$ cat start-v6.pdb   # PDB, C-alpha atoms
ATOM      1  CA  SER A   1     -81.159 169.649  82.334
ATOM      2  CA  ALA A   2     -83.210 172.569  80.978
ATOM      3  CA  ASP A   3     -85.094 172.885  84.289
ATOM      4  CA  ASP A   4     -81.860 173.868  86.087
ATOM      5  CA  LEU A   5     -81.203 176.865  83.816
ATOM      6  CA  PRO A   6     -82.791 180.116  84.995
ATOM      7  CA  GLY A   7     -85.142 181.872  82.596
ATOM      8  CA  VAL A   8     -85.711 178.901  80.291
ATOM      9  CA  GLU A   9     -89.441 178.825  81.065
ATOM     10  CA  ALA A  10     -89.715 182.540  80.305
ATOM     11  CA  MET A  11     -87.891 181.993  77.011
ATOM     12  CA  ALA A  12     -90.229 179.153  76.105
ATOM     13  CA  THR A  13     -93.309 181.328  76.589
ATOM     14  CA  ALA A  14     -91.807 184.470  75.023
ATOM     15  CA  LYS A  15     -93.038 185.775  71.692
ATOM     16  CA  ASP A  16     -91.255 184.712  68.565
ATOM     17  CA  ASN A  17     -91.443 185.696  64.917
ATOM     18  CA  ARG A  18     -91.744 182.220  63.440
ATOM     19  CA  ASN A  19     -95.290 182.596  62.174
ATOM     20  CA  LEU A  20     -95.023 186.195  60.959
ATOM     21  CA  GLN A  21     -94.865 186.747  57.223
ATOM     22  CA  ASP A  22     -93.309 189.946  55.892
ATOM     23  CA  THR A  23     -95.897 191.005  53.294
ATOM     24  CA  ASP A  24     -97.538 194.241  52.219
ATOM     25  CA  GLU A  25    -100.856 193.093  53.693
ATOM     26  CA  ASN A  26     -99.436 193.589  57.210
ATOM     27  CA  GLN A  27     -99.674 197.364  56.721
ATOM     28  CA  ILE A  28    -103.223 198.736  56.677
ATOM     29  CA  LEU A  29    -102.126 202.051  55.150
ATOM     30  CA  SER A  30    -101.340 201.965  51.449
ATOM     31  CA  HIS A  31     -98.307 203.690  49.969
ATOM     32  CA  GLY A  32    -100.606 206.368  48.540
ATOM     33  CA  ALA A  33    -102.136 207.025  51.964
ATOM     34  CA  ILE A  34     -98.688 207.451  53.503
ATOM     35  CA  GLU A  35     -97.740 209.865  50.715
ATOM     36  CA  GLU A  36    -100.943 211.853  51.392
ATOM     37  CA  LEU A  37    -100.027 212.091  55.076
ATOM     38  CA  LYS A  38     -96.597 213.375  54.083
ATOM     39  CA  ALA A  39     -98.176 215.943  51.745
ATOM     40  CA  GLU A  40    -100.407 217.145  54.592
ATOM     41  CA  GLY A  41     -97.275 217.906  56.606
ATOM     42  CA  LEU A  42     -97.159 214.890  58.907
ATOM     43  CA  ALA A  43     -93.529 213.893  59.209
ATOM     44  CA  GLY A  44     -90.936 212.376  61.460
ATOM     45  CA  GLU A  45     -91.939 210.579  64.620
ATOM     46  CA  HIS A  46     -95.649 211.300  64.098
ATOM     47  CA  LEU A  47     -95.644 209.585  60.715
ATOM     48  CA  VAL A  48     -93.728 206.621  62.121
ATOM     49  CA  ARG A  49     -96.257 206.376  64.963
ATOM     50  CA  VAL A  50     -99.152 206.271  62.457
ATOM     51  CA  VAL A  51     -97.373 203.586  60.402
ATOM     52  CA  VAL A  52     -96.749 201.484  63.530
ATOM     53  CA  GLU A  53    -100.343 201.854  64.720
ATOM     54  CA  ASN A  54    -101.560 200.595  61.360
ATOM     55  CA  SER A  55     -99.304 197.537  61.342
ATOM     56  CA  ASN A  56    -101.082 194.224  61.935
ATOM     57  CA  THR A  57     -97.983 192.414  63.168
ATOM     58  CA  PHE A  58     -96.071 194.998  65.229
ATOM     59  CA  LEU A  59     -97.487 193.911  68.612
ATOM     60  CA  GLN A  60     -96.841 190.237  67.836
ATOM     61  CA  LYS A  61     -93.110 190.810  67.257
ATOM     62  CA  THR A  62     -90.376 190.309  69.827
ATOM     63  CA  PRO A  63     -89.015 193.449  71.522
ATOM     64  CA  PHE A  64     -85.815 193.133  69.490
ATOM     65  CA  SER A  65     -87.803 192.952  66.247
ATOM     66  CA  GLN A  66     -89.948 195.904  67.316
ATOM     67  CA  ASP A  67     -86.822 198.027  67.907
ATOM     68  CA  LYS A  68     -85.415 196.936  64.575
ATOM     69  CA  TYR A  69     -88.717 197.772  62.830
ATOM     70  CA  LEU A  70     -88.851 201.211  64.481
ATOM     71  CA  LYS A  71     -85.268 202.028  63.478
ATOM     72  CA  ARG A  72     -85.957 201.013  59.891
ATOM     73  CA  LYS A  73     -89.102 203.158  59.722
ATOM     74  CA  MET A  74     -87.331 206.109  61.376
ATOM     75  CA  GLN A  75     -84.616 205.933  58.708
ATOM     76  CA  LYS A  76     -87.250 205.860  56.001
ATOM     77  CA  TYR A  77     -89.679 208.526  57.225
ATOM     78  CA  ASP A  78     -87.752 210.691  59.706
ATOM     79  CA  LEU A  79     -85.057 212.155  57.498
ATOM     80  CA  ARG A  80     -82.281 214.041  59.227
ATOM     81  CA  ILE A  81     -79.592 216.233  57.779
ATOM     82  CA  ARG A  82     -76.217 216.792  59.358
ATOM     83  CA  VAL A  83     -74.323 219.918  58.366
ATOM     84  CA  VAL A  84     -70.585 219.305  58.312
ATOM     85  CA  ARG A  85     -67.869 221.892  57.787
ATOM     86  CA  PRO A  86     -66.230 221.108  54.438
ATOM     87  CA  THR A  87     -62.654 219.899  54.386
ATOM     88  CA  ALA A  88     -60.457 218.938  51.462
ATOM     89  CA  LEU A  89     -60.784 215.290  52.479
ATOM     90  CA  SER A  90     -64.591 215.327  52.739
ATOM     91  CA  LEU A  91     -64.954 217.112  49.393
ATOM     92  CA  CYS A  92     -62.509 214.706  47.747
ATOM     93  CA  GLU A  93     -64.515 211.761  49.129
ATOM     94  CA  THR A  94     -67.750 213.296  47.847
ATOM     95  CA  TYR A  95     -66.396 213.965  44.373
ATOM     96  CA  PHE A  96     -64.835 210.499  44.195
ATOM     97  CA  ALA A  97     -68.164 208.898  45.139
ATOM     98  CA  LYS A  98     -70.485 211.063  43.010
ATOM     99  CA  SER A  99     -68.546 212.289  39.963
ATOM    100  CA  PRO A 100     -64.900 211.184  39.993
ATOM    101  CA  GLU A 101     -64.273 212.432  36.457
ATOM    102  CA  LYS A 102     -64.384 216.032  37.736
ATOM    103  CA  THR A 103     -61.323 215.443  39.899
ATOM    104  CA  LEU A 104     -59.585 213.129  37.404
ATOM    105  CA  HIS A 105     -60.393 210.159  39.670
ATOM    106  CA  LEU A 106     -58.249 211.524  42.509
ATOM    107  CA  ARG A 107     -58.745 209.133  45.399
ATOM    108  CA  PRO A 108     -59.163 210.555  48.917
ATOM    109  CA  ASP A 109     -56.406 208.314  50.234
ATOM    110  CA  ALA A 110     -54.020 209.700  47.577
ATOM    111  CA  LEU A 111     -54.584 213.358  48.457
ATOM    112  CA  GLY A 112     -52.778 213.160  51.824
ATOM    113  CA  PRO A 113     -49.602 211.517  50.489
ATOM    114  CA  LEU A 114     -49.627 213.959  47.561
ATOM    115  CA  LEU A 115     -49.475 216.871  50.010
ATOM    116  CA  GLY A 116     -47.023 215.096  52.297
ATOM    117  CA  PHE A 117     -44.520 214.099  49.604
ATOM    118  CA  SER A 118     -44.664 217.570  48.056
ATOM    119  CA  GLY A 119     -43.659 219.152  51.375
ATOM    120  CA  ILE A 120     -46.672 221.451  51.726
ATOM    121  CA  ARG A 121     -46.629 223.104  55.140
ATOM    122  CA  ALA A 122     -47.238 226.506  56.680
ATOM    123  CA  GLY A 123     -44.771 229.128  55.506
ATOM    124  CA  CYS A 124     -43.748 227.500  52.227
ATOM    125  CA  LYS A 125     -43.995 228.888  48.719
ATOM    126  CA  ALA A 126     -45.533 226.394  46.324
ATOM    127  CA  MET A 127     -46.551 226.250  42.684
ATOM    128  CA  VAL A 128     -49.346 223.935  41.545
ATOM    129  CA  TYR A 129     -50.628 223.021  38.110
ATOM    130  CA  GLU A 130     -53.819 220.982  38.329
ATOM    131  CA  ASN A 131     -57.107 220.394  36.587
ATOM    132  CA  CYS A 132     -59.061 218.688  39.387
ATOM    133  CA  THR A 133     -61.623 221.464  39.957
ATOM    134  CA  GLY A 134     -59.255 223.010  42.497
ATOM    135  CA  ILE A 135     -59.199 220.156  45.032
ATOM    136  CA  VAL A 136     -55.395 220.060  45.228
ATOM    137  CA  THR A 137     -55.114 223.857  45.475
ATOM    138  CA  ALA A 138     -57.830 223.932  48.154
ATOM    139  CA  ALA A 139     -56.098 221.172  50.123
ATOM    140  CA  MET A 140     -52.829 223.105  49.944
ATOM    141  CA  ALA A 141     -54.507 226.321  51.129
ATOM    142  CA  GLU A 142     -56.224 224.435  53.946
ATOM    143  CA  ARG A 143     -52.962 222.849  55.069
ATOM    144  CA  MET A 144     -50.992 226.111  54.900
ATOM    145  CA  GLY A 145     -53.684 228.098  56.707
ATOM    146  CA  GLY A 146     -52.784 231.403  55.032
ATOM    147  CA  PHE A 147     -49.101 231.225  55.976
ATOM    148  CA  GLY A 148     -47.154 231.152  52.725
ATOM    149  CA  HIS A 149     -47.965 231.558  49.041
ATOM    150  CA  ILE A 150     -49.537 229.273  46.451
ATOM    151  CA  LEU A 151     -49.011 230.022  42.783
ATOM    152  CA  ASN A 152     -51.748 228.242  40.844
ATOM    153  CA  VAL A 153     -50.656 228.190  37.197
ATOM    154  CA  PHE A 154     -52.943 227.417  34.278
ATOM    155  CA  VAL A 155     -52.836 227.234  30.494
ATOM    156  CA  GLY A 156     -55.044 229.590  28.508
ATOM    157  CA  THR A 157     -56.649 232.910  29.199
ATOM    158  CA  SER A 158     -58.780 232.027  32.222
ATOM    159  CA  PRO A 159     -58.108 229.763  35.196
ATOM    160  CA  PRO A 160     -59.751 226.320  35.170
ATOM    161  CA  GLY A 161     -62.627 225.563  37.503
ATOM    162  CA  THR A 162     -61.650 226.197  41.090
ATOM    163  CA  GLU A 163     -65.096 225.576  42.519
ATOM    164  CA  VAL A 164     -63.725 223.479  45.394
ATOM    165  CA  LEU A 165     -61.658 226.435  46.564
ATOM    166  CA  LYS A 166     -64.886 228.430  46.900
ATOM    167  CA  MET A 167     -66.681 225.576  48.695
ATOM    168  CA  MET A 168     -64.060 225.266  51.430
ATOM    169  CA  ASN A 169     -65.096 228.276  53.559
ATOM    170  CA  LEU A 170     -61.455 229.249  53.880
ATOM    171  CA  SER A 171     -60.475 232.381  55.752
ATOM    172  CA  PRO A 172     -59.821 235.517  53.683
ATOM    173  CA  VAL A 173     -56.119 235.229  54.530
ATOM    174  CA  ALA A 174     -55.965 231.658  53.204
ATOM    175  CA  LEU A 175     -57.822 232.655  50.036
ATOM    176  CA  ALA A 176     -55.505 235.627  49.516
ATOM    177  CA  SER A 177     -52.483 233.311  49.648
ATOM    178  CA  VAL A 178     -53.622 231.656  46.389
ATOM    179  CA  VAL A 179     -52.640 233.554  43.246
ATOM    180  CA  GLN A 180     -53.927 232.482  39.816
ATOM    181  CA  THR A 181     -51.243 232.953  37.136
ATOM    182  CA  PRO A 182     -51.200 231.998  33.441
ATOM    183  CA  LEU A 183     -48.321 229.743  32.449
ATOM    184  CA  GLU A 184     -47.450 232.003  29.494
ATOM    185  CA  ILE A 185     -46.110 234.631  31.879
ATOM    186  CA  PHE A 186     -43.041 232.456  32.478
ATOM    187  CA  THR A 187     -42.166 232.426  28.770
ATOM    188  CA  ARG A 188     -42.370 236.234  28.762
ATOM    189  CA  LEU A 189     -40.100 236.419  31.780
ATOM    190  CA  ASP A 190     -37.616 234.086  30.081
ATOM    191  CA  ASN A 191     -37.514 236.286  26.953
ATOM    192  CA  GLN A 192     -36.778 239.384  29.018
ATOM    193  CA  GLU A 193     -33.672 237.892  30.625
ATOM    194  CA  PRO A 194     -30.480 239.468  29.271
ATOM    195  CA  ILE A 195     -28.283 237.140  27.230
ATOM    196  CA  ASP A 196     -25.311 236.158  29.324
TER     197      ASP A 196
END
$ encode --input "start-v6.pdb" --output "structure tokens"
Amino acid sequence: SADDLPGVEAMATAKDNRNLQDTDENQILSHGAIEELKAEGLAGEHLVRVVVENSNTFLQKTPFSQDKYLKRKMQKYDLRIRVVRPTALSLCETYFAKSPEKTLHLRPDALGPLLGFSGIRAGCKAMVYENCTGIVTAAMAERMGGFGHILNVFVGTSPPGTEVLKMMNLSPVALASVVQTPLEIFTRLDNQEPID
């Protein structure tokens, strides 16, 4: 029977959320008033505290619902920024999510196998021809760590965008291992070979 179970009486008298309606009228402060408080410089936990104090239904909620409500308001009003050191993978994920056309829709899960199958490792000499804003070249430089040489060839008079290479915060040694070379130089070298 229910009388034999411990805590059933406490559960029967505990608060529940059955009669609470999630409407805008539960919050005394209007959206404009909250924006004014933000403009005055009130932010973070203080703003969340003011929002909670002006809620008609917060005290009627169960402890679980109160925690859930607080977490939701903290996410909305207490913005936090996490600074992360850039890696080739994180930049590839960001480009793929925000503007994949800049990296020719290179998927983050394809970048690792691309480097693995090409045999990129410390101490190797590699040549790369890419037009993915430098993500492949940057990943190669990151993997090699300045040990070896990367010949980044391009068509035309100036190298294509290598903005990712600049974003990576690579060491000067790793950056120096990347050499930008026009593809036309190989045709000149071929013409200078003596006829055998």
$ atom_distance --input "start-v6.pdb" --atom1 "atom CA of A:Glu101" --atom2 "atom CA of A:Ile185"
29.0 Å
$ axis_aligned_box --input "start-v6.pdb" --around "stretch 78-90 of chain A" --padding-each-side "6 Å" --output "lines of an AutoDock Vina configuration file"
center_x = -74.1
center_y = 216.3
center_z = 55.6
size_x = 39.3
size_y = 23.2
size_z = 20.2
$ resolve_selection --input "start-v6.pdb" --expression "the PyMOL selection byres ((chain A and resi 165) around 7)" --output "list in words"
Gly134, Ile135, Ala138, Thr162, Glu163, Val164, Lys166, Met167 and Met168 of chain A
$ write_last_selection --input "start-v6.pdb" --atoms "C-alpha atoms" --output "short mmCIF file (atom, residue, chain, number, x, y, z; two decimals), in the coordinates of the input"
data_model
loop_
_atom_site.label_atom_id
_atom_site.label_comp_id
_atom_site.auth_asym_id
_atom_site.auth_seq_id
_atom_site.Cartn_x
_atom_site.Cartn_y
_atom_site.Cartn_z
CA GLY A 134 -59.26 223.01 42.50
CA ILE A 135 -59.20 220.16 45.03
CA ALA A 138 -57.83 223.93 48.15
CA THR A 162 -61.65 226.20 41.09
CA GLU A 163 -65.10 225.58 42.52
CA VAL A 164 -63.72 223.48 45.39
CA LYS A 166 -64.89 228.43 46.90
CA MET A 167 -66.68 225.58 48.70
CA MET A 168 -64.06 225.27 51.43
#
$ atom_distance --input "start-v6.pdb" --atom1 "atom CA of A:Ala139" --atom2 "atom CA of A:Ser118"
12.2 Å
$ resolve_selection --input "start-v6.pdb" --expression "the PyMOL selection byres ((chain A and resi 174) around 12)" --output "list in words"
Ala122, Gly123, Thr137, Ala138, Ala139, Met140, Ala141, Glu142, Arg143, Met144, Gly145, Gly146, Phe147, Gly148, His149, Ile150, Leu165, Lys166, Met168, Asn169, Leu170, Ser171, Pro172, Val173, Leu175, Ala176, Ser177, Val178 and Val179 of chain A
